[in-house]
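All remarks here apply to the structure that follows.
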Amino acid sequence: MSEKQISGIQPSSSPASGIKLSIVIPCYNEEKNLPELAERFAKVMRPGFELILVDNGSYDSSASVLASLALRPEYSFIRTTKVEKNIGYGYGILHGLREARGEYVAYTHADLQCEPSDVILAYGKLLASASPACTLVKGERQNRHDILSILYHLISSTLFLHHYNDINGQPKVFPRALLEEMKEVPKDFAFDFYVQHVAVRNKYSVEEKSRGNKMVED
């Protein structure tokens with residue numbers, strides 16, 4: 001196992017009765033975005049959903065902002081957890097996934113570029129799929145044609161003999177059971193590719209939810 005990898009995902013929280021969806025968001029120096037993030041999620045959260053906000057080793061005031069938000073009754077769906085030292089984007093997500101209690105899990109970013117409604121729509125698409133227990137739904141970014149993205153997808157597809165489309169698209173939603181198949185997890189930005197690759201390796205259907213509610217199957 002390399003220095004950029006960590007051992008597999010062993011959730012520290014057991015599935016909780018009534019919790020259908022756990023949404024994990026790593027937050028690194030996002031103090032300015034957090035109040036709006038919580039407000040946007042409050043508009044779409046439903047009973048049985050939880051939002052796990054991970055302070056991913058921030059050195060700004062994210063910790064105090066998160067603590068304040070979690071105490072507000074209108075944000076009772078929020079749970080918080082903390083990584084003491086930032087060691088990577090992937091590790092922040094992993095830390096949150098270990099706390100997840102839902103039957104299904106999702107993750108996305110804290111930078112407000114992915115609307116909370118996109119997470120809920122992706123979850124709905126997963127439930128409406130032919131086999132929700134073996135399906136991963138991911139976001140598809142629009143007009144993403146920069147040379148680095150093109151090269152990244154070309155190399156990944158060539159190395160692993162599978163067409164991977166918009167690997168870093170957010171959100172990603174999948175059954176909790178997929179966590180058990182993640183053995184050597186990268187703690188950096190390779191995490192997004194790793195999740196999709198593990199899904200493909202385990203014969204999951206990978207479906208895309210693009211903005212504007214246009215659905216595309218991989």
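Note on naming: chains are A, B, ... as they come in the structure tokens, residues start from 1 per chain, ligands start from 1 in the order shown.
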
Nearby residues (only C-alpha atoms) at most 8 Å from A:Leu37, same-chain spacing under 4 positions excluded, as a count of residues only: 4

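Distances here use only C-alpha atoms; by that measure, the residue among A:Leu127, A:Leu97, A:Ile78, A:Leu71 closest to A:Val24 is A:Leu97.
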
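Residues surrounding A:Asp188 within 7 Å are A:Lys4, A:Gly88, A:Tyr89, A:Gly90, A:Tyr91 [only C-alpha atoms; sequence separation below 4 positions excluded].
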
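When atom CA of A:Leu94 is paired with atom CA of A:Leu136, their separation reads 16.9 Å.
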
Spatial neighbours of A:Tyr107, 6 Å, only C-alpha atoms, chain gap at least 2 places, as a list of chain:residue names: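 That gives A:Ile23, A:Val24, A:Ile25, A:Pro171, A:Lys172.
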
Which of stretch 9-205 of chain A DSSP labels strand (DSSP E or B), written as a PyMOL selection string: chain A and resi 21-27+49-56+78-83+104-107+135-140+172-175+184-186+205

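Computed from the coordinates, the atom CA of A:Ala67 to atom CA of A:Glu31 distance equals 11.4 Å.
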
8 Å contact set for A:Gln170, only C-alpha atoms, chain neighbours under 4 positions out, as a ChimeraX atom specification: /A:107-109,114,138-141

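Interatomic distance, atom CA of A:Arg176 against atom CA of A:Tyr104: 4.9 Å.
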